[in-house]
Every structure is written in C-alpha cells, then in structure tokens.
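Q: File name structure_0.cif; file contents mmCIF, C-alpha atoms; full text below.
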data_start
loop_
_atom_site.label_atom_id
_atom_site.label_comp_id
_atom_site.auth_asym_id
_atom_site.auth_seq_id
_atom_site.Cartn_x
_atom_site.Cartn_y
_atom_site.Cartn_z
CA MET T 1 0.00 0.00 0.00
CA SER T 2 1.35 3.39 -0.95
CA ARG T 3 2.14 6.06 1.59
CA GLU T 4 -0.33 8.48 0.00
CA ARG T 5 -3.15 5.93 0.12
CA PHE T 6 -2.45 5.24 3.79
CA LYS T 7 -2.54 8.99 4.53
CA ASN T 8 -5.94 9.20 2.84
CA ILE T 9 -7.21 6.24 4.86
CA VAL T 10 -6.04 7.88 8.11
CA LYS T 11 -7.64 11.22 7.17
CA HIS T 12 -10.92 9.56 6.19
CA SER T 13 -11.01 7.35 9.30
CA PHE T 14 -10.32 10.14 11.74
CA SER T 15 -12.76 12.50 10.02
CA MET T 16 -15.49 9.85 10.43
CA VAL T 17 -14.55 9.33 14.07
CA ALA T 18 -14.42 13.11 14.66
CA VAL T 19 -18.02 13.44 13.48
CA CYS T 20 -19.03 10.52 15.72
CA PHE T 21 -17.12 12.08 18.64
CA SER T 22 -18.90 15.40 18.14
CA MET T 23 -22.29 13.72 17.95
CA GLY T 24 -21.45 11.57 20.99
CA ILE T 25 -20.44 14.61 23.05
CA LEU T 26 -23.62 16.37 21.93
CA PHE T 27 -25.85 13.45 22.97
CA ILE T 28 -23.98 12.90 26.23
CA GLY T 29 -24.17 16.63 27.01
CA VAL T 30 -27.89 16.80 26.25
CA GLY T 31 -28.55 13.62 28.21
CA PHE T 32 -26.59 14.78 31.23
CA SER T 33 -28.25 18.22 31.05
CA PHE T 34 -31.68 16.65 30.79
CA PHE T 35 -31.09 14.57 33.91
CA ASP T 36 -29.21 17.42 35.63
CA ILE T 37 -26.00 15.39 36.03
CA TYR T 38 -22.58 17.00 36.25
CA ILE T 39 -19.99 15.39 33.99
CA GLU T 40 -16.49 15.28 35.36
CA PRO T 41 -13.78 16.75 33.11
CA LEU T 42 -11.86 13.47 33.42
CA ASN T 43 -14.81 11.72 31.74
CA ILE T 44 -14.44 13.99 28.70
CA ILE T 45 -10.83 12.79 28.46
CA LYS T 46 -12.01 9.16 28.77
CA ILE T 47 -14.49 9.77 25.96
CA TRP T 48 -11.76 11.33 23.81
CA MET T 49 -9.45 8.34 24.46
CA GLY T 50 -12.27 5.94 23.57
CA PHE T 51 -12.89 7.70 20.29
CA PHE T 52 -9.14 7.76 19.57
CA ILE T 53 -9.11 3.97 19.99
CA LEU T 54 -12.17 3.77 17.71
CA GLY T 55 -10.20 5.82 15.17
CA VAL T 56 -7.32 3.34 15.27
CA ILE T 57 -9.76 0.43 14.83
CA THR T 58 -11.36 2.28 11.90
CA ILE T 59 -7.93 2.71 10.28
CA ILE T 60 -7.26 -1.02 10.66
CA ARG T 61 -10.69 -1.77 9.18
CA SER T 62 -10.06 0.57 6.24
CA VAL T 63 -6.69 -1.05 5.54
CA PHE T 64 -8.42 -4.44 5.80
CA ASP T 65 -10.96 -3.24 3.20
CA THR T 66 -8.15 -2.95 0.65
CA THR T 67 -7.16 -6.62 0.88
CA LYS T 68 -8.06 -9.01 -1.92
CA TRP T 69 -10.10 -11.25 0.41
CA SER T 70 -12.07 -8.31 1.76
CA ARG T 71 -12.93 -6.89 -1.66
CA SER T 72 -14.67 -10.14 -2.57
CA LYS T 73 -17.00 -9.99 0.45
CA PRO T 74 -20.15 -7.90 0.98
CA PHE T 75 -19.74 -4.82 3.19
CA TYR T 76 -21.91 -6.19 5.99
CA VAL T 77 -19.59 -9.19 6.51
CA LYS T 78 -16.67 -6.82 7.10
CA ASN T 79 -18.78 -4.67 9.43
CA ILE T 80 -19.87 -7.69 11.45
CA LEU T 81 -16.25 -8.84 11.76
CA PHE T 82 -15.22 -5.54 13.33
CA MET T 83 -18.43 -4.96 15.33
CA PRO T 84 -17.20 -6.79 18.48
CA LEU T 85 -14.15 -4.50 18.68
CA TYR T 86 -16.32 -1.42 18.44
CA LEU T 87 -18.73 -2.88 21.01
CA ILE T 88 -15.94 -3.62 23.50
CA VAL T 89 -14.55 -0.08 23.22
CA ALA T 90 -18.03 1.47 23.51
CA LEU T 91 -18.92 -0.61 26.59
CA THR T 92 -15.53 0.09 28.20
CA MET T 93 -16.02 3.81 27.57
CA ALA T 94 -19.56 3.67 29.01
CA MET T 95 -18.34 1.76 32.08
CA GLY T 96 -15.61 4.36 32.61
CA ILE T 97 -18.13 7.21 32.47
CA VAL T 98 -20.54 5.48 34.84
CA LYS T 99 -17.73 4.69 37.31
CA GLY T 100 -16.47 8.27 36.98
CA GLN T 101 -19.89 9.58 37.97
CA GLY T 102 -19.73 7.55 41.19
CA GLU T 103 -22.54 5.24 40.12
CA LEU T 104 -22.45 1.51 40.66
CA LEU T 105 -22.09 -0.64 37.58
CA SER T 106 -24.95 -3.00 37.06
CA ILE T 107 -25.51 -5.81 34.61
CA PRO T 108 -28.87 -4.39 33.42
CA LEU T 109 -27.17 -1.06 32.65
CA MET T 110 -24.45 -2.78 30.59
CA ILE T 111 -27.11 -4.81 28.77
CA LEU T 112 -28.96 -1.56 28.03
CA TYR T 113 -25.76 -0.03 26.62
CA ALA T 114 -25.11 -3.14 24.50
CA VAL T 115 -28.69 -3.11 23.18
CA LEU T 116 -28.41 0.60 22.34
CA PHE T 117 -25.13 -0.08 20.54
CA LEU T 118 -26.68 -2.92 18.55
CA ILE T 119 -29.71 -0.79 17.60
CA VAL T 120 -27.47 2.04 16.37
CA PHE T 121 -25.20 -0.48 14.60
CA THR T 122 -28.19 -2.09 12.86
CA ILE T 123 -29.61 1.27 11.76
CA ARG T 124 -26.20 2.25 10.39
CA GLN T 125 -25.99 -1.08 8.56
CA LEU T 126 -29.38 -0.49 6.94
CA ILE T 127 -28.47 3.04 5.87
CA GLU T 128 -25.14 1.85 4.46
CA TYR T 129 -26.89 -1.02 2.67
CA PHE T 130 -29.31 1.32 0.91
CA LEU T 131 -26.50 3.73 0.00
CA GLN T 132 -24.41 0.88 -1.43
CA LYS T 133 -27.43 -0.50 -3.29
CA ALA T 134 -28.20 2.92 -4.81
CA LYS T 135 -24.56 3.30 -5.87
CA THR T 136 -24.55 -0.18 -7.42
CA ASN T 137 -27.83 0.44 -9.24
CA LYS T 138 -26.49 3.72 -10.61
CA MET T 139 -23.34 1.97 -11.84
CA ASN T 140 -25.39 -0.85 -13.43
CA ASP T 141 -27.62 1.69 -15.18
CA ALA T 142 -24.57 3.51 -16.51
CA LEU T 143 -23.11 0.22 -17.74
CA LYS T 144 -26.35 -0.69 -19.53
CA GLU T 145 -26.46 2.75 -21.15
CA PHE T 146 -22.84 2.39 -22.24
CA GLN T 147 -23.58 -1.04 -23.71
CA LYS T 148 -26.58 0.35 -25.63
CA GLU T 149 -24.52 3.21 -27.04
CA HIS T 150 -21.72 0.93 -28.15
CA SER T 151 -23.70 -2.09 -29.32
CA TRP T 152 -23.23 -1.03 -32.97
CA ASP T 153 -19.46 -1.63 -32.56
CA GLU T 154 -20.10 -5.30 -31.81
CA GLU T 155 -22.41 -5.77 -34.81
CA GLU T 156 -19.78 -4.64 -37.30
#
As structure tokens, how would this structure be written, given the file I've shared?
A:
Amino acid sequence: MSRERFKNIVKHSFSMVAVCFSMGILFIGVGFSFFDIYIEPLNIIKIWMGFFILGVITIIRSVFDTTKWSRSKPFYVKNILFMPLYLIVALTMAMGIVKGQGELLSIPLMILYAVLFLIVFTIRQLIEYFLQKAKTNKMNDALKEFQKEHSWDEEE
C-alpha cells in the first residue's frame, strides 16, 4: 500500500470518528443536562481516548478493506467482523463514564448499553446497505447505457 493511500485512509477514518465524537459529546451533554447530572472533566478525556481507539480500529478496518479477500465480500460481513471490537470499546467507555460519575455498575445497565449499541449499529448497517445499493444500481444503469450506445461496434 502506498504512503499516500495510507494517509488518505487515516484522514478519512479520523474524520469519520471526529463526526461521531462530536455527535457523541452532543448526545452525552444533552442527556446529562436533561437529567441534571454534572460530567467530570476526566470523563471527557475518557471519551476522547475511547474515540481515539475507535479511530485506530477504523484505520485497521479501512486497511483491511483494501485486501483481496475483503474486496470479494459484501460490506456487511466486514462490518460484522469488526463490530465486536467497536462494542468492546463502547462498553468500556460507558463503564468508565458510569464509574467516573460515582454510580455503581450494574448488569442491566451494561445490557442496556449493549442493546443501544446494537440498535445504532443495525440502523447504520441499513443506511449503508441502501446507500451501497443505490450506488450499485447507478453503476449498473450507466453500464447498460454504455452497452446500448456501443452495441453497434459489436455488430460490425
């Protein structure tokens, strides 16, 4: 893999994670404001570290996407392969925030976090599926149009 391609993968991965970090901070801030809970500054650092780790995992996943084996598989297979890593980091980050707030960790709370993660993951999968399908349909339509335009070349 070329150096330039790797730089592009890193930029793309961290830009995706930066958007997710911003949205995560927004939702955490709104949630904590809604329930009138003070968030410790150390928890913001924990959240930042968690998203940095997610960025590294996303880089690894993007590099994995360029392999020959990976290119022959549907996108959802690759997402499901990396989903446990994302889940572990998300649950670890959530446990760190809960512990940092002085709350006791409970199994039902961790199950709730895991269920929320899986719901968001599934919704993201569906959105990505429809985007990929639309892109594939557009490419197939362009190919059919190209074949119609150049069918006279084959007849001669």
Q: Translate the PyMOL selection byres ((chain T and resi 48) around 12) into a concrete residue list for this structure, as a ChimeraX atom specification.
A: /T:17-18,20-22,24-25,41-47,49-55,89-90,93,96-97
Q: Would you export the selected residues with C-alpha atoms as a compact mmCIF listing (two decimals), in the coordinates of the input, please?
A:
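Output file part.txt is given in full below:
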# COMPACT_ATOMS: atom_id res chain seq x y z
CA VAL T 17 -14.55 9.33 14.07
CA ALA T 18 -14.42 13.11 14.66
CA CYS T 20 -19.03 10.52 15.72
CA PHE T 21 -17.12 12.08 18.64
CA SER T 22 -18.90 15.40 18.14
CA GLY T 24 -21.45 11.57 20.99
CA ILE T 25 -20.44 14.61 23.05
CA PRO T 41 -13.78 16.75 33.11
CA LEU T 42 -11.86 13.47 33.42
CA ASN T 43 -14.81 11.72 31.74
CA ILE T 44 -14.44 13.99 28.70
CA ILE T 45 -10.83 12.79 28.46
CA LYS T 46 -12.01 9.16 28.77
CA ILE T 47 -14.49 9.77 25.96
CA MET T 49 -9.45 8.34 24.46
CA GLY T 50 -12.27 5.94 23.57
CA PHE T 51 -12.89 7.70 20.29
CA PHE T 52 -9.14 7.76 19.57
CA ILE T 53 -9.11 3.97 19.99
CA LEU T 54 -12.17 3.77 17.71
CA GLY T 55 -10.20 5.82 15.17
CA VAL T 89 -14.55 -0.08 23.22
CA ALA T 90 -18.03 1.47 23.51
CA MET T 93 -16.02 3.81 27.57
CA GLY T 96 -15.61 4.36 32.61
CA ILE T 97 -18.13 7.21 32.47
Q: Closest to Ile119 (chain T) among T:Leu87, T:Ile28, T:Ser70, T:Phe6, using only C-alpha atoms?
A: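 Looking only at the distances to Ile119 (chain T), the closest residue turns out to be T:Leu87.
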Q: Write out as a PyMOL selection string which residues come within 10 Å of Phe117 (chain T) when counting all atoms listed in the file, dropping same-chain ones fewer than 3 positions away.
A: chain T and resi 83+86-87+90-91+111-114+120-123
Q: Rank T:Lys11, T:Ile39, T:Lys73, T:Leu131 by their smallest atom-to-atom distance to Val56 (chain T), using all atoms listed in the file, and report the top residue only.
A: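 Under the stated criterion, the closest residue is T:Lys11.
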Q: Might you spell out which residues the PyMOL selection byres ((chain T and resi 12) around 12) would select in the displayed file, as a PyMOL selection string?
A: chain T and resi 5-11+13-19+55-56+58-59+61-63
Q: What is the distance, in Å and to one decimal place, between CA of Gly31 (chain T) and CA of Leu116 (chain T)?
A: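 Taking CA of Gly31 (chain T) and CA of Leu116 (chain T), their separation equals 14.3 Å.
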Q: One decimal, Å: what's the distance from CA of Ser72 (chain T) over to CA of Lys133 (chain T), could you say?
A: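 Answer for the CA of Ser72 (chain T) to CA of Lys133 (chain T) separation: 16.0 Å.
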Q: Let me have the centre and edge lengths in Å, one decimal, of the box along x, y and z around every listed atom of region 69-87 of chain T with 8 Å of margin on each side, as JSON.
A:
{"center_x": -16.0, "center_y": -6.3, "center_z": 9.2, "size_x": 27.8, "size_y": 25.8, "size_z": 39.6}
Q: Choose the residue, out of T:Met1, T:Lys135, T:Ile107, T:Ser33, that has the smallest atom-to-atom separation from Thr66 (chain T); count only C-alpha atoms.
A: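 Among T:Met1, T:Lys135, T:Ile107, T:Ser33, it is T:Met1 that comes nearest to Thr66 (chain T).
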Q: How would region 30-41 of chain T look with all heavy atoms restored, written as a PDB file, in the coordinates of the input?
A:
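New file result-v2.pdb:
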ATOM      1  N   VAL T  30     -26.440  16.604  26.148  1.00  0.00           N
ATOM      2  CA  VAL T  30     -27.890  16.800  26.250  1.00  0.00           C
ATOM      3  C   VAL T  30     -28.482  15.849  27.281  1.00  0.00           C
ATOM      4  O   VAL T  30     -29.311  16.251  28.102  1.00  0.00           O
ATOM      5  CB  VAL T  30     -28.558  16.617  24.864  1.00  0.00           C
ATOM      6  CG1 VAL T  30     -30.063  16.531  24.989  1.00  0.00           C
ATOM      7  CG2 VAL T  30     -28.168  17.749  23.928  1.00  0.00           C
ATOM      8  N   GLY T  31     -28.043  14.604  27.254  1.00  0.00           N
ATOM      9  CA  GLY T  31     -28.550  13.620  28.210  1.00  0.00           C
ATOM     10  C   GLY T  31     -28.218  13.996  29.637  1.00  0.00           C
ATOM     11  O   GLY T  31     -29.078  13.949  30.525  1.00  0.00           O
ATOM     12  N   PHE T  32     -26.988  14.405  29.880  1.00  0.00           N
ATOM     13  CA  PHE T  32     -26.590  14.780  31.230  1.00  0.00           C
ATOM     14  C   PHE T  32     -27.299  16.068  31.659  1.00  0.00           C
ATOM     15  O   PHE T  32     -27.649  16.221  32.824  1.00  0.00           O
ATOM     16  CB  PHE T  32     -25.076  14.935  31.322  1.00  0.00           C
ATOM     17  CG  PHE T  32     -24.338  13.647  31.535  1.00  0.00           C
ATOM     18  CD1 PHE T  32     -24.731  12.474  30.914  1.00  0.00           C
ATOM     19  CD2 PHE T  32     -23.241  13.598  32.373  1.00  0.00           C
ATOM     20  CE1 PHE T  32     -24.052  11.282  31.112  1.00  0.00           C
ATOM     21  CE2 PHE T  32     -22.549  12.421  32.586  1.00  0.00           C
ATOM     22  CZ  PHE T  32     -22.960  11.255  31.958  1.00  0.00           C
ATOM     23  N   SER T  33     -27.509  16.989  30.727  1.00  0.00           N
ATOM     24  CA  SER T  33     -28.250  18.220  31.050  1.00  0.00           C
ATOM     25  C   SER T  33     -29.703  17.901  31.368  1.00  0.00           C
ATOM     26  O   SER T  33     -30.275  18.469  32.300  1.00  0.00           O
ATOM     27  CB  SER T  33     -28.187  19.206  29.887  1.00  0.00           C
ATOM     28  OG  SER T  33     -26.885  19.627  29.670  1.00  0.00           O
ATOM     29  N   PHE T  34     -30.284  17.015  30.591  1.00  0.00           N
ATOM     30  CA  PHE T  34     -31.680  16.650  30.790  1.00  0.00           C
ATOM     31  C   PHE T  34     -31.908  16.048  32.171  1.00  0.00           C
ATOM     32  O   PHE T  34     -32.908  16.315  32.824  1.00  0.00           O
ATOM     33  CB  PHE T  34     -32.125  15.682  29.683  1.00  0.00           C
ATOM     34  CG  PHE T  34     -33.575  15.318  29.727  1.00  0.00           C
ATOM     35  CD1 PHE T  34     -34.548  16.227  29.354  1.00  0.00           C
ATOM     36  CD2 PHE T  34     -33.970  14.051  30.150  1.00  0.00           C
ATOM     37  CE1 PHE T  34     -35.891  15.897  29.404  1.00  0.00           C
ATOM     38  CE2 PHE T  34     -35.305  13.708  30.192  1.00  0.00           C
ATOM     39  CZ  PHE T  34     -36.272  14.634  29.823  1.00  0.00           C
ATOM     40  N   PHE T  35     -30.965  15.215  32.603  1.00  0.00           N
ATOM     41  CA  PHE T  35     -31.090  14.570  33.910  1.00  0.00           C
ATOM     42  C   PHE T  35     -30.379  15.344  35.020  1.00  0.00           C
ATOM     43  O   PHE T  35     -30.263  14.852  36.139  1.00  0.00           O
ATOM     44  CB  PHE T  35     -30.570  13.125  33.848  1.00  0.00           C
ATOM     45  CG  PHE T  35     -31.414  12.235  32.988  1.00  0.00           C
ATOM     46  CD1 PHE T  35     -30.932  11.762  31.779  1.00  0.00           C
ATOM     47  CD2 PHE T  35     -32.696  11.888  33.375  1.00  0.00           C
ATOM     48  CE1 PHE T  35     -31.714  10.945  30.967  1.00  0.00           C
ATOM     49  CE2 PHE T  35     -33.486  11.068  32.583  1.00  0.00           C
ATOM     50  CZ  PHE T  35     -32.995  10.598  31.373  1.00  0.00           C
ATOM     51  N   ASP T  36     -29.868  16.548  34.669  1.00  0.00           N
ATOM     52  CA  ASP T  36     -29.210  17.420  35.630  1.00  0.00           C
ATOM     53  C   ASP T  36     -28.045  16.714  36.328  1.00  0.00           C
ATOM     54  O   ASP T  36     -27.943  16.689  37.554  1.00  0.00           O
ATOM     55  CB  ASP T  36     -30.207  17.968  36.649  1.00  0.00           C
ATOM     56  CG  ASP T  36     -29.667  19.198  37.373  1.00  0.00           C
ATOM     57  OD1 ASP T  36     -28.854  19.933  36.770  1.00  0.00           O
ATOM     58  OD2 ASP T  36     -30.054  19.413  38.542  1.00  0.00           O
ATOM     59  N   ILE T  37     -27.166  16.103  35.517  1.00  0.00           N
ATOM     60  CA  ILE T  37     -26.000  15.390  36.030  1.00  0.00           C
ATOM     61  C   ILE T  37     -24.753  16.155  35.612  1.00  0.00           C
ATOM     62  O   ILE T  37     -24.617  16.571  34.462  1.00  0.00           O
ATOM     63  CB  ILE T  37     -25.940  13.949  35.479  1.00  0.00           C
ATOM     64  CG1 ILE T  37     -27.190  13.168  35.859  1.00  0.00           C
ATOM     65  CG2 ILE T  37     -24.692  13.238  35.988  1.00  0.00           C
ATOM     66  CD1 ILE T  37     -27.292  11.813  35.179  1.00  0.00           C
ATOM     67  N   TYR T  38     -23.849  16.337  36.541  1.00  0.00           N
ATOM     68  CA  TYR T  38     -22.580  17.000  36.250  1.00  0.00           C
ATOM     69  C   TYR T  38     -21.608  15.965  35.685  1.00  0.00           C
ATOM     70  O   TYR T  38     -21.447  14.879  36.242  1.00  0.00           O
ATOM     71  CB  TYR T  38     -22.009  17.606  37.540  1.00  0.00           C
ATOM     72  CG  TYR T  38     -20.627  18.182  37.380  1.00  0.00           C
ATOM     73  CD1 TYR T  38     -20.422  19.379  36.715  1.00  0.00           C
ATOM     74  CD2 TYR T  38     -19.523  17.508  37.890  1.00  0.00           C
ATOM     75  CE1 TYR T  38     -19.150  19.903  36.569  1.00  0.00           C
ATOM     76  CE2 TYR T  38     -18.252  18.023  37.752  1.00  0.00           C
ATOM     77  CZ  TYR T  38     -18.067  19.220  37.089  1.00  0.00           C
ATOM     78  OH  TYR T  38     -16.810  19.732  36.933  1.00  0.00           O
ATOM     79  N   ILE T  39     -20.973  16.301  34.575  1.00  0.00           N
ATOM     80  CA  ILE T  39     -19.990  15.390  33.990  1.00  0.00           C
ATOM     81  C   ILE T  39     -18.598  15.865  34.386  1.00  0.00           C
ATOM     82  O   ILE T  39     -18.261  17.035  34.221  1.00  0.00           O
ATOM     83  CB  ILE T  39     -20.144  15.262  32.465  1.00  0.00           C
ATOM     84  CG1 ILE T  39     -19.208  14.190  31.921  1.00  0.00           C
ATOM     85  CG2 ILE T  39     -19.913  16.576  31.773  1.00  0.00           C
ATOM     86  CD1 ILE T  39     -19.531  13.758  30.512  1.00  0.00           C
ATOM     87  N   GLU T  40     -17.843  14.966  34.937  1.00  0.00           N
ATOM     88  CA  GLU T  40     -16.490  15.280  35.360  1.00  0.00           C
ATOM     89  C   GLU T  40     -15.603  15.534  34.147  1.00  0.00           C
ATOM     90  O   GLU T  40     -15.737  14.855  33.117  1.00  0.00           O
ATOM     91  CB  GLU T  40     -15.907  14.093  36.155  1.00  0.00           C
ATOM     92  CG  GLU T  40     -16.628  13.784  37.435  1.00  0.00           C
ATOM     93  CD  GLU T  40     -16.372  14.807  38.524  1.00  0.00           C
ATOM     94  OE1 GLU T  40     -15.289  15.425  38.525  1.00  0.00           O
ATOM     95  OE2 GLU T  40     -17.269  14.998  39.347  1.00  0.00           O
ATOM     96  N   PRO T  41     -14.685  16.495  34.234  1.00  0.00           N
ATOM     97  CA  PRO T  41     -13.780  16.750  33.110  1.00  0.00           C
ATOM     98  C   PRO T  41     -12.943  15.523  32.722  1.00  0.00           C
ATOM     99  O   PRO T  41     -12.635  15.316  31.550  1.00  0.00           O
ATOM    100  CB  PRO T  41     -12.873  17.878  33.624  1.00  0.00           C
ATOM    101  CG  PRO T  41     -13.696  18.561  34.669  1.00  0.00           C
ATOM    102  CD  PRO T  41     -14.535  17.484  35.290  1.00  0.00           C
TER     103      PRO T  41
END
